[in-house]
Amino acid sequence: NAGVTQTPKFHILKIGQSMTLQCTQDMNHNYMYWYRQDPGMGLKLIYYSVGAGITDKGEVPNGYNVSRSTTEDFPLRLELAAPSQTSVYFCASSYGRANYGYTFGSGTRLTVV
Amino acid sequence: RKEVEQDPGPFNVPEGATVAFNCTYSNSASQSFFWYRQDCRKEPKLLMSVYSSGNEDGRFTAQLNRASQYISLLIRDSKLSDSATYLCVVNQGGKLIFGQGTELSVKP
């Protein structure tokens with residue numbers, strides 16, 4: 001059972017470039033989330049989805065977009081990358097309203113130079 | 001005011017010590033509560049859920065006081081392997097809100 005899988009694990013992006021961080025889960029969880037974590041800081045919610053076709057903004061959505069065409073996949077798109085988007089990105093999923101917590105992916109370390 | 005606030009740490013303790021972490025949250029409508037553990041900026045992993053009646057898992061005891069909006073984690077007989085960052089987490093409408101974490105370093 002793979003759980004939540006994120007790719008890539010590491011990436012260096014140039015300012016102004018775009019890229020997509022991939023996230024897929026095989027647990028049939030309906031809720032999925034994207035967080036970012038900056039050094040010494042807690043996790044901040046970027047976007048979340050309560051099911052296929054439904055997405056909503058979190059605390060820090062600017063500069064990002066998401067889509068949820070299937071239950072399994074929840075990609076995060078960075079448009080016009082900026083140095084402020086250098087961070088570690090975590091995808092997570094839960095069954096229902098997270099009353100049993102989340103399952104996290106192993107993260108993507110992104111550097112924008 | 002931050003939604004979830006924790007002791008900033010770091011906590012440096014010898015093996016065998018008892019250490020307590022405190023956390024407060026601002027939204028009284030929060031539904032469920034957790035402690036997560038995070039190692040060296042790897043993904044957070046669920047340590048335990050926190051219930052109003054208090055709950056224990058081996059050397060770990062968690063307490064929730066809804067009236068005071070306060071959560072605690074007690075670690076007894078600390079091990080070197082307990083060294084990590086401990087995240088206080090609150091569920092608000094299906095979204096988990098994370099504290100900034102408290103770093104624990106257990107020394108021989």
# chains A, B, ... in the order shown; residues from 1 in each chain; ligands from 1

call {"tool": "closest_atom_pairs", "arguments": {"of": "chain B", "to": "chain A", "cutoff": "7 Å", "atoms": "only C-alpha atoms", "output": "Markdown table"}}
result
| residue | atom | partner | partner_atom | distance |
| --- | --- | --- | --- | --- |
| B:Ser32 | CA | A:Asn99 | CA | 6.1 |
| B:Lys42 | CA | A:Ser106 | CA | 6.4 |
| B:Glu43 | CA | A:Ser106 | CA | 5.2 |
| B:Pro44 | CA | A:Phe104 | CA | 6.9 |
| B:Gly93 | CA | A:Arg97 | CA | 6.6 |
| B:Gly94 | CA | A:Arg97 | CA | 3.9 |
| B:Phe98 | CA | A:Leu43 | CA | 5.9 |
| B:Gly99 | CA | A:Gly42 | CA | 5.6 |
| B:Gln100 | CA | A:Gly42 | CA | 3.8 |
| B:Gly101 | CA | A:Gly42 | CA | 6.3 |

call {"tool": "residues_around", "arguments": {"residues": "segment 77-87 of chain A", "least_positions_apart": "2", "cutoff": "8 Å", "atoms": "only C-alpha atoms", "output": "ChimeraX atom specification"}}
result
/A:13-21,36-39,63-66,75,89,109-113

call {"tool": "select_by_dssp", "arguments": {"residues": "chain B", "states": "strand (DSSP E or B)", "output": "number ranges by chain"}}
result
B: 4-6, 11-14, 19-25, 32-38, 45-50, 55-57, 60-65, 70-75, 84-92, 95-98, 102-107

call {"tool": "closest_residue", "arguments": {"among": "B:Tyr86, B:Ala67, B:Leu96, B:Lys107", "to": "Arg37 of chain B", "atoms": "only C-alpha atoms"}}
result
B:Tyr86

call {"tool": "residues_around", "arguments": {"residues": "Asp39 of chain B", "least_positions_apart": "6", "cutoff": "8 Å", "atoms": "only C-alpha atoms", "output": "NGL selection string"}}
result
:B and (83-85)

call {"tool": "atom_distance", "arguments": {"atom1": "atom CA of Trp35 of chain B", "atom2": "atom CA of Asp82 of chain B"}}
result
13.4 Å
